[in-house]
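Visitor: One structure, as structure tokens, below. Some questions next.
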There are 2 protein chains.
Amino acid sequence: MTELYLEDFYVGQRFTSADHALDAQQIKAFAAQFDPQPFHLDEAQAQDSFFQGLVASGWHTAAITMSLLAKSGMPIAGGLIGAGGELTWPRPTRPGDVLHAESEVVEVRPSRSRPDRGMIAVRTETRNQKGDVVQVMTCRMLAWKRPV
Amino acid sequence: MTELYLEDFYVGQRFTSADHALDAQQIKAFAAQFDPQPFHLDEAQAQDSFFQGLVASGWHTAAITMSLLAKSGMPIAGGLIGAGGELTWPRPTRPGDVLHAESEVVEVRPSRSRPDRGMIAVRTETRNQKGDVVQVMTCRMLAWKRPV
């Protein structure tokens with residue numbers, strides 16, 4: 001995929017990533033390391049929880065979304081360097097979900113102080129195989145101007 | 001640690017987590033799976049990058065912060081169930097950093113429609129051993145009322 005510079009981005013521009021197939025083993029492995037709560041670790045305990053079944057940590061969904069953007073979803077020249085963002089998880093991610101990321105550029109802003117760069121804001125919906133949105137993330141990312 | 005219900009939380013309440021020692025191996029392992037970019041994977045290439053050295057993925061910092069909250073930093077009865085939040089990474093996280101999470105309750109709001117629950121908003125600063133803030137996260141989380 002061609003790498004894109006600040007000048008190449010425009011509001012409304014869209015990108016779609018490849019797919020990631022999620023299973024219970026991945027959910028439990030991430031949770032054991034980063035979010036060791038029963039509804040992310042154990043099917044039986046998850047069944048009796050708020051979620052009524054095993055669900056991925058929201059941070060796992062965020063990390064998978066990052067991997068989709070880094071590998072296929074958002075070709076920023078020089079890499080994806082995020083300054084921050086907002087996240088919501090409108091519904092849980094579950095074993096068997098096949099996730100992909102649909103991104104839209106919502107802001108393009110050249111830096112006032114640094115002529116070699118700017119910032120883009122990208123709204124990314126992470127969707128499962130049914131089209132349900134499991135995460136909405138808006139991230140501000142660095143974008144470099146094309147070298148002259 | 002005593003688990004806390006909605007009635008136990010108040011604005012200004014503070015929690016401090018245990019520590020997590022981060023090293024290059026952890027940074028590369030997370031990046032290989034979720035954020036495969038040179039500045040997270042390879043010291044030499046990272047040296048020539050924007051970051052001038054190996055840095056953790058921001059999503060790794062977020063995941064470590066979640067682990068600190070889940071294990072020691074935020075004892076919500078029934079678990080930590082996030083609806084979403086905002087993140088910024090004011091400076092990078094690097095190998096050798098020892099991270100901990102300092103949290104403050106910034107909002108407590110009973111549900112209007114569901115008498116058994118409410119929402120709390122928690123602002124969490126992730127700091128390294130020098131006290132530098134590497135992440136600021138404000139999360140909205142579910143909190144249950146104490147069973148009668």
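By convention here, the chains of the structure tokens are called A, B, ... in the order presented, each chain's residues are numbered starting at 1, and ligands are numbered starting at 1 in the order presented.
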Select residues of chain A: the criterion is any atom within 9 Å of an atom of chain B, counting only C-alpha atoms; output as an mmCIF file with N, CA and C atoms, in the first residue's frame.

Guide:
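Once written, part.cif looks like this:
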```cif
data_model
loop_
_atom_site.group_PDB
_atom_site.id
_atom_site.type_symbol
_atom_site.label_atom_id
_atom_site.label_comp_id
_atom_site.auth_asym_id
_atom_site.auth_seq_id
_atom_site.Cartn_x
_atom_site.Cartn_y
_atom_site.Cartn_z
ATOM 1 N N ALA A 31 -6.152 -11.588 28.464
ATOM 2 C CA ALA A 31 -6.714 -11.273 29.783
ATOM 3 C C ALA A 31 -5.788 -11.733 30.904
ATOM 4 N N GLN A 33 -2.718 -11.772 30.961
ATOM 5 C CA GLN A 33 -1.609 -10.839 31.101
ATOM 6 C C GLN A 33 -2.058 -9.431 31.519
ATOM 7 N N PHE A 34 -3.173 -8.978 30.966
ATOM 8 C CA PHE A 34 -3.498 -7.555 31.102
ATOM 9 C C PHE A 34 -4.842 -7.230 31.758
ATOM 10 N N ASP A 35 -5.749 -8.191 31.814
ATOM 11 C CA ASP A 35 -7.080 -7.865 32.342
ATOM 12 C C ASP A 35 -7.684 -9.118 32.970
ATOM 13 N N PRO A 36 -7.041 -9.566 34.089
ATOM 14 C CA PRO A 36 -7.415 -10.866 34.663
ATOM 15 C C PRO A 36 -8.717 -10.816 35.449
ATOM 16 N N GLN A 37 -9.827 -10.740 34.738
ATOM 17 C CA GLN A 37 -11.138 -10.739 35.369
ATOM 18 C C GLN A 37 -11.913 -11.969 34.859
ATOM 19 N N PRO A 38 -12.766 -12.538 35.728
ATOM 20 C CA PRO A 38 -13.409 -13.822 35.403
ATOM 21 C C PRO A 38 -14.138 -13.827 34.054
ATOM 22 N N PHE A 39 -14.787 -12.703 33.692
ATOM 23 C CA PHE A 39 -15.559 -12.692 32.433
ATOM 24 C C PHE A 39 -14.677 -12.643 31.190
ATOM 25 N N SER A 49 -21.875 -13.873 34.666
ATOM 26 C CA SER A 49 -21.510 -12.459 34.854
ATOM 27 C C SER A 49 -22.465 -11.549 34.086
ATOM 28 N N PHE A 50 -22.255 -10.256 34.264
ATOM 29 C CA PHE A 50 -22.915 -9.206 33.493
ATOM 30 C C PHE A 50 -22.974 -9.525 32.000
ATOM 31 N N GLY A 58 -11.847 -4.917 26.617
ATOM 32 C CA GLY A 58 -11.916 -3.790 25.682
ATOM 33 C C GLY A 58 -10.537 -3.377 25.181
ATOM 34 N N TRP A 59 -9.535 -3.552 26.039
ATOM 35 C CA TRP A 59 -8.169 -3.179 25.646
ATOM 36 C C TRP A 59 -7.598 -4.176 24.645
ATOM 37 N N HIS A 60 -8.133 -5.390 24.671
ATOM 38 C CA HIS A 60 -7.766 -6.376 23.658
ATOM 39 C C HIS A 60 -8.377 -5.962 22.306
ATOM 40 N N ALA A 62 -9.064 -2.979 21.464
ATOM 41 C CA ALA A 62 -8.282 -1.811 21.035
ATOM 42 C C ALA A 62 -6.957 -2.244 20.417
ATOM 43 N N ALA A 63 -6.292 -3.232 21.043
ATOM 44 C CA ALA A 63 -4.994 -3.689 20.544
ATOM 45 C C ALA A 63 -5.142 -4.378 19.191
ATOM 46 N N ILE A 64 -6.197 -5.183 19.036
ATOM 47 C CA ILE A 64 -6.447 -5.824 17.735
ATOM 48 C C ILE A 64 -6.716 -4.757 16.668
ATOM 49 N N THR A 65 -7.475 -3.746 17.035
ATOM 50 C CA THR A 65 -7.751 -2.659 16.093
ATOM 51 C C THR A 65 -6.456 -1.978 15.666
ATOM 52 N N MET A 66 -5.570 -1.743 16.634
ATOM 53 C CA MET A 66 -4.266 -1.160 16.296
ATOM 54 C C MET A 66 -3.526 -2.063 15.319
ATOM 55 N N SER A 67 -3.553 -3.379 15.555
ATOM 56 C CA SER A 67 -2.826 -4.295 14.658
ATOM 57 C C SER A 67 -3.422 -4.252 13.254
ATOM 58 N N LEU A 68 -4.743 -4.137 13.172
ATOM 59 C CA LEU A 68 -5.377 -4.056 11.851
ATOM 60 C C LEU A 68 -4.968 -2.770 11.134
ATOM 61 N N LEU A 69 -4.923 -1.676 11.867
ATOM 62 C CA LEU A 69 -4.513 -0.402 11.257
ATOM 63 C C LEU A 69 -3.040 -0.451 10.846
ATOM 64 N N ALA A 70 -2.202 -1.012 11.712
ATOM 65 C CA ALA A 70 -0.760 -1.025 11.420
ATOM 66 C C ALA A 70 -0.443 -1.925 10.234
ATOM 67 N N LYS A 71 -1.178 -3.036 10.118
ATOM 68 C CA LYS A 71 -0.852 -4.001 9.070
ATOM 69 C C LYS A 71 -1.524 -3.690 7.752
ATOM 70 N N GLY A 78 5.915 6.917 7.663
ATOM 71 C CA GLY A 78 6.642 7.112 8.917
ATOM 72 C C GLY A 78 6.011 6.400 10.088
ATOM 73 N N GLY A 79 4.857 5.764 9.857
ATOM 74 C CA GLY A 79 4.246 4.979 10.914
ATOM 75 C C GLY A 79 3.086 5.671 11.587
ATOM 76 N N LEU A 80 2.398 4.912 12.410
ATOM 77 C CA LEU A 80 1.229 5.417 13.138
ATOM 78 C C LEU A 80 1.687 5.854 14.518
ATOM 79 N N ILE A 81 1.712 7.156 14.714
ATOM 80 C CA ILE A 81 2.170 7.730 15.980
ATOM 81 C C ILE A 81 0.997 8.500 16.574
ATOM 82 N N GLY A 82 0.380 7.902 17.578
ATOM 83 C CA GLY A 82 -0.833 8.474 18.147
ATOM 84 C C GLY A 82 -0.520 9.396 19.309
ATOM 85 N N ALA A 83 -1.246 10.498 19.398
ATOM 86 C CA ALA A 83 -1.099 11.400 20.539
ATOM 87 C C ALA A 83 -2.162 11.122 21.591
ATOM 88 N N GLY A 84 -3.212 10.443 21.170
ATOM 89 C CA GLY A 84 -4.292 10.137 22.098
ATOM 90 C C GLY A 84 -5.576 9.932 21.345
ATOM 91 N N GLY A 85 -6.643 9.694 22.083
ATOM 92 C CA GLY A 85 -7.911 9.457 21.418
ATOM 93 C C GLY A 85 -9.027 9.144 22.384
ATOM 94 N N GLU A 86 -10.170 8.848 21.805
ATOM 95 C CA GLU A 86 -11.345 8.480 22.580
ATOM 96 C C GLU A 86 -11.828 7.120 22.121
ATOM 97 N N LEU A 87 -12.342 6.362 23.056
ATOM 98 C CA LEU A 87 -12.824 5.012 22.769
ATOM 99 C C LEU A 87 -14.188 4.794 23.377
ATOM 100 N N THR A 88 -15.050 4.092 22.679
ATOM 101 C CA THR A 88 -16.229 3.507 23.334
ATOM 102 C C THR A 88 -16.371 2.078 22.851
ATOM 103 N N TRP A 89 -16.976 1.271 23.700
ATOM 104 C CA TRP A 89 -17.236 -0.128 23.358
ATOM 105 C C TRP A 89 -18.750 -0.335 23.430
ATOM 106 N N PRO A 90 -19.448 -0.104 22.322
ATOM 107 C CA PRO A 90 -20.914 -0.171 22.357
ATOM 108 C C PRO A 90 -21.452 -1.580 22.614
ATOM 109 N N ARG A 91 -20.692 -2.601 22.237
ATOM 110 C CA ARG A 91 -21.074 -3.975 22.585
ATOM 111 C C ARG A 91 -19.815 -4.819 22.701
ATOM 112 N N GLN A 135 -16.393 -1.357 18.697
ATOM 113 C CA GLN A 135 -15.563 -0.270 19.241
ATOM 114 C C GLN A 135 -15.600 0.906 18.289
#
```

Visitor: If we count only C-alpha atoms and set the cut-off at 8 Å, which residues sit around region 98-111 of chain B, ignoring sequence neighbours fewer than 5 positions away in its own chain? Please answer as an MDAnalysis selection string.

Guide: chainID B and resid 6 9:22 65 68:69 73:74 116:129

Visitor: Give me, please, the distance in Å between CA of Ser72 (chain B) and CA of Gln45 (chain A), quoted to one decimal.

Guide: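 We find that CA of Ser72 (chain B) and CA of Gln45 (chain A) lie 20.8 Å from each other.
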
Visitor: Write down as an MDAnalysis selection string the residues belonging to region 15-145 of chain A that are assigned strand (DSSP E) by DSSP computed on the backbone.

Guide: chainID A and resid 15:21 82:88 98:110 117:127 133:144

Visitor: Those residues you just picked out, can you put them in a file as a tab-separated table (two decimals), in the first residue's frame with N, CA and C atoms?

Guide:
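Below is the file that was written, result14.tsv:
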```tsv
chain	number	residue	atom	x	y	z
A	15	PHE	N	-10.72	4.13	4.80
A	15	PHE	CA	-9.81	2.99	4.71
A	15	PHE	C	-10.48	1.79	5.37
A	16	THR	N	-10.31	0.64	4.78
A	16	THR	CA	-10.84	-0.59	5.38
A	16	THR	C	-9.70	-1.59	5.55
A	17	SER	N	-9.61	-2.18	6.71
A	17	SER	CA	-8.53	-3.13	7.00
A	17	SER	C	-8.89	-4.53	6.55
A	18	ALA	N	-7.92	-5.42	6.67
A	18	ALA	CA	-8.17	-6.87	6.56
A	18	ALA	C	-8.94	-7.34	7.80
A	19	ASP	N	-9.15	-8.65	7.88
A	19	ASP	CA	-9.91	-9.25	8.99
A	19	ASP	C	-8.99	-9.84	10.05
A	20	HIS	N	-9.49	-9.92	11.26
A	20	HIS	CA	-8.83	-10.69	12.32
A	20	HIS	C	-9.86	-11.60	12.97
A	21	ALA	N	-9.57	-12.90	12.98
A	21	ALA	CA	-10.47	-13.87	13.60
A	21	ALA	C	-10.07	-14.07	15.06
A	82	GLY	N	0.38	7.90	17.58
A	82	GLY	CA	-0.83	8.47	18.15
A	82	GLY	C	-0.52	9.40	19.31
A	83	ALA	N	-1.25	10.50	19.40
A	83	ALA	CA	-1.10	11.40	20.54
A	83	ALA	C	-2.16	11.12	21.59
A	84	GLY	N	-3.21	10.44	21.17
A	84	GLY	CA	-4.29	10.14	22.10
A	84	GLY	C	-5.58	9.93	21.34
A	85	GLY	N	-6.64	9.69	22.08
A	85	GLY	CA	-7.91	9.46	21.42
A	85	GLY	C	-9.03	9.14	22.38
A	86	GLU	N	-10.17	8.85	21.81
A	86	GLU	CA	-11.35	8.48	22.58
A	86	GLU	C	-11.83	7.12	22.12
A	87	LEU	N	-12.34	6.36	23.06
A	87	LEU	CA	-12.82	5.01	22.77
A	87	LEU	C	-14.19	4.79	23.38
A	88	THR	N	-15.05	4.09	22.68
A	88	THR	CA	-16.23	3.51	23.33
A	88	THR	C	-16.37	2.08	22.85
A	98	VAL	N	-15.11	-12.14	13.92
A	98	VAL	CA	-14.11	-11.79	12.90
A	98	VAL	C	-14.18	-10.27	12.76
A	99	LEU	N	-13.10	-9.63	13.15
A	99	LEU	CA	-13.10	-8.17	13.27
A	99	LEU	C	-12.39	-7.51	12.09
A	100	HIS	N	-12.90	-6.34	11.69
A	100	HIS	CA	-12.13	-5.50	10.79
A	100	HIS	C	-12.36	-4.05	11.19
A	101	ALA	N	-11.51	-3.19	10.68
A	101	ALA	CA	-11.55	-1.77	11.05
A	101	ALA	C	-11.92	-0.92	9.85
A	102	GLU	N	-12.92	-0.07	10.04
A	102	GLU	CA	-13.32	0.88	9.00
A	102	GLU	C	-13.00	2.28	9.50
A	103	SER	N	-12.12	2.96	8.81
A	103	SER	CA	-11.63	4.24	9.29
A	103	SER	C	-12.03	5.38	8.35
A	104	GLU	N	-12.24	6.54	8.97
A	104	GLU	CA	-12.55	7.74	8.18
A	104	GLU	C	-11.76	8.91	8.75
A	105	VAL	N	-11.11	9.64	7.88
A	105	VAL	CA	-10.39	10.83	8.30
A	105	VAL	C	-11.43	11.91	8.63
A	106	VAL	N	-11.35	12.45	9.84
A	106	VAL	CA	-12.33	13.46	10.25
A	106	VAL	C	-11.71	14.85	10.42
A	107	GLU	N	-10.37	14.93	10.41
A	107	GLU	CA	-9.72	16.23	10.52
A	107	GLU	C	-8.31	16.13	9.96
A	108	VAL	N	-7.88	17.18	9.27
A	108	VAL	CA	-6.51	17.27	8.77
A	108	VAL	C	-6.02	18.67	9.12
A	109	ARG	N	-4.95	18.72	9.91
A	109	ARG	CA	-4.53	20.03	10.42
A	109	ARG	C	-3.02	20.17	10.37
A	110	PRO	N	-2.49	21.01	9.49
A	110	PRO	CA	-1.04	21.27	9.49
A	110	PRO	C	-0.64	21.94	10.81
A	117	ARG	N	5.20	18.91	9.51
A	117	ARG	CA	4.23	17.93	10.01
A	117	ARG	C	2.85	18.51	10.26
A	118	GLY	N	1.93	17.63	10.59
A	118	GLY	CA	0.59	18.04	10.99
A	118	GLY	C	-0.06	16.91	11.77
A	119	MET	N	-1.35	17.06	11.98
A	119	MET	CA	-2.08	16.06	12.75
A	119	MET	C	-3.32	15.67	11.94
A	120	ILE	N	-3.61	14.38	11.93
A	120	ILE	CA	-4.90	13.96	11.39
A	120	ILE	C	-5.69	13.29	12.51
A	121	ALA	N	-7.00	13.46	12.45
A	121	ALA	CA	-7.87	12.72	13.38
A	121	ALA	C	-8.62	11.69	12.55
A	122	VAL	N	-8.64	10.49	13.06
A	122	VAL	CA	-9.24	9.37	12.33
A	122	VAL	C	-10.25	8.68	13.25
A	123	ARG	N	-11.45	8.51	12.73
A	123	ARG	CA	-12.50	7.79	13.47
A	123	ARG	C	-12.55	6.37	12.93
A	124	THR	N	-12.32	5.40	13.79
A	124	THR	CA	-12.28	4.00	13.37
A	124	THR	C	-13.37	3.21	14.06
A	125	GLU	N	-14.21	2.59	13.26
A	125	GLU	CA	-15.18	1.64	13.79
A	125	GLU	C	-14.62	0.23	13.63
A	126	THR	N	-14.60	-0.51	14.73
A	126	THR	CA	-14.22	-1.92	14.66
A	126	THR	C	-15.52	-2.72	14.61
A	127	ARG	N	-15.67	-3.50	13.55
A	127	ARG	CA	-16.93	-4.23	13.33
A	127	ARG	C	-16.69	-5.72	13.31
A	133	VAL	N	-20.95	-2.83	15.40
A	133	VAL	CA	-19.81	-2.03	15.85
A	133	VAL	C	-19.47	-2.42	17.28
A	134	VAL	N	-18.25	-2.91	17.51
A	134	VAL	CA	-17.83	-3.30	18.85
A	134	VAL	C	-16.92	-2.25	19.50
A	135	GLN	N	-16.39	-1.36	18.70
A	135	GLN	CA	-15.56	-0.27	19.24
A	135	GLN	C	-15.60	0.91	18.29
A	136	VAL	N	-15.70	2.09	18.85
A	136	VAL	CA	-15.51	3.32	18.08
A	136	VAL	C	-14.36	4.07	18.71
A	137	MET	N	-13.37	4.38	17.91
A	137	MET	CA	-12.17	5.04	18.42
A	137	MET	C	-11.89	6.25	17.53
A	138	THR	N	-11.66	7.39	18.13
A	138	THR	CA	-11.18	8.53	17.36
A	138	THR	C	-9.79	8.87	17.88
A	139	CYS	N	-8.82	8.77	16.99
A	139	CYS	CA	-7.41	8.98	17.37
A	139	CYS	C	-6.82	10.17	16.64
A	140	ARG	N	-6.00	10.92	17.35
A	140	ARG	CA	-5.20	11.98	16.72
A	140	ARG	C	-3.83	11.40	16.44
A	141	MET	N	-3.43	11.48	15.18
A	141	MET	CA	-2.14	10.89	14.80
A	141	MET	C	-1.29	11.90	14.03
A	142	LEU	N	0.02	11.74	14.22
A	142	LEU	CA	1.00	12.56	13.53
A	142	LEU	C	1.03	12.18	12.04
A	143	ALA	N	1.12	13.19	11.18
A	143	ALA	CA	1.35	12.92	9.76
A	143	ALA	C	2.41	13.90	9.27
A	144	TRP	N	3.37	13.35	8.53
A	144	TRP	CA	4.48	14.18	8.04
A	144	TRP	C	4.13	14.77	6.68
```

Visitor: Would you list the contacts of Glu43 (chain B) as a list in words, taking every protein, DNA or RNA residue within 10 Å and counting only C-alpha atoms, but skipping same-chain residues closer than 5 positions in sequence?

Guide: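 Counting only C-alpha atoms, the residues come to Ala24, Lys28, Pro38, Asp48, Ser49, Gln52, Gly53, Leu54 and Val55 of chain B.
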
Visitor: Which residue, A:Pro115, A:Asp97, A:Asp42, A:Ile76, has the smallest gap to Val148 (chain A) when you use only C-alpha atoms?

Guide: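 The closest residue to Val148 (chain A) is A:Pro115.
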
Visitor: CA of Pro147 (chain B) and CA of Gln47 (chain A), how far apart in Å?

Guide: 20.3 Å

Visitor: In Å, with one decimal, what is the gap from CA of Ala77 (chain A) to CA of Pro95 (chain B)?

Guide: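 CA of Pro95 (chain B) lies at a distance of 25.1 Å from CA of Ala77 (chain A).
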
Visitor: Just list the residues in region 44-91 of chain B DSSP gives alpha helix (DSSP H) on the backbone, as number ranges by chain.

Guide: B: 44-47, 58-68

Visitor: Output C-alpha atoms of each residue in that selection to a file, as a PDB file, in the first residue's frame.

Guide:
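Output file again_29.pdb follows:
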```pdb
ATOM      1  CA  ALA B  44      18.554   0.283  16.054  1.00  0.00           C
ATOM      2  CA  GLN B  45      15.628   1.299  13.864  1.00  0.00           C
ATOM      3  CA  ALA B  46      13.975   2.968  16.857  1.00  0.00           C
ATOM      4  CA  GLN B  47      17.124   5.034  17.384  1.00  0.00           C
ATOM      5  CA  GLY B  58       0.561   3.334  23.547  1.00  0.00           C
ATOM      6  CA  TRP B  59      -1.870   0.415  23.588  1.00  0.00           C
ATOM      7  CA  HIS B  60       0.686  -1.550  25.590  1.00  0.00           C
ATOM      8  CA  THR B  61       0.823   1.276  28.127  1.00  0.00           C
ATOM      9  CA  ALA B  62      -2.984   1.212  28.195  1.00  0.00           C
ATOM     10  CA  ALA B  63      -3.049  -2.566  28.688  1.00  0.00           C
ATOM     11  CA  ILE B  64      -0.472  -2.406  31.504  1.00  0.00           C
ATOM     12  CA  THR B  65      -2.532   0.344  33.137  1.00  0.00           C
ATOM     13  CA  MET B  66      -5.591  -1.903  32.928  1.00  0.00           C
ATOM     14  CA  SER B  67      -3.635  -4.719  34.572  1.00  0.00           C
ATOM     15  CA  LEU B  68      -2.542  -2.412  37.388  1.00  0.00           C
TER      16      LEU B  68
END
```
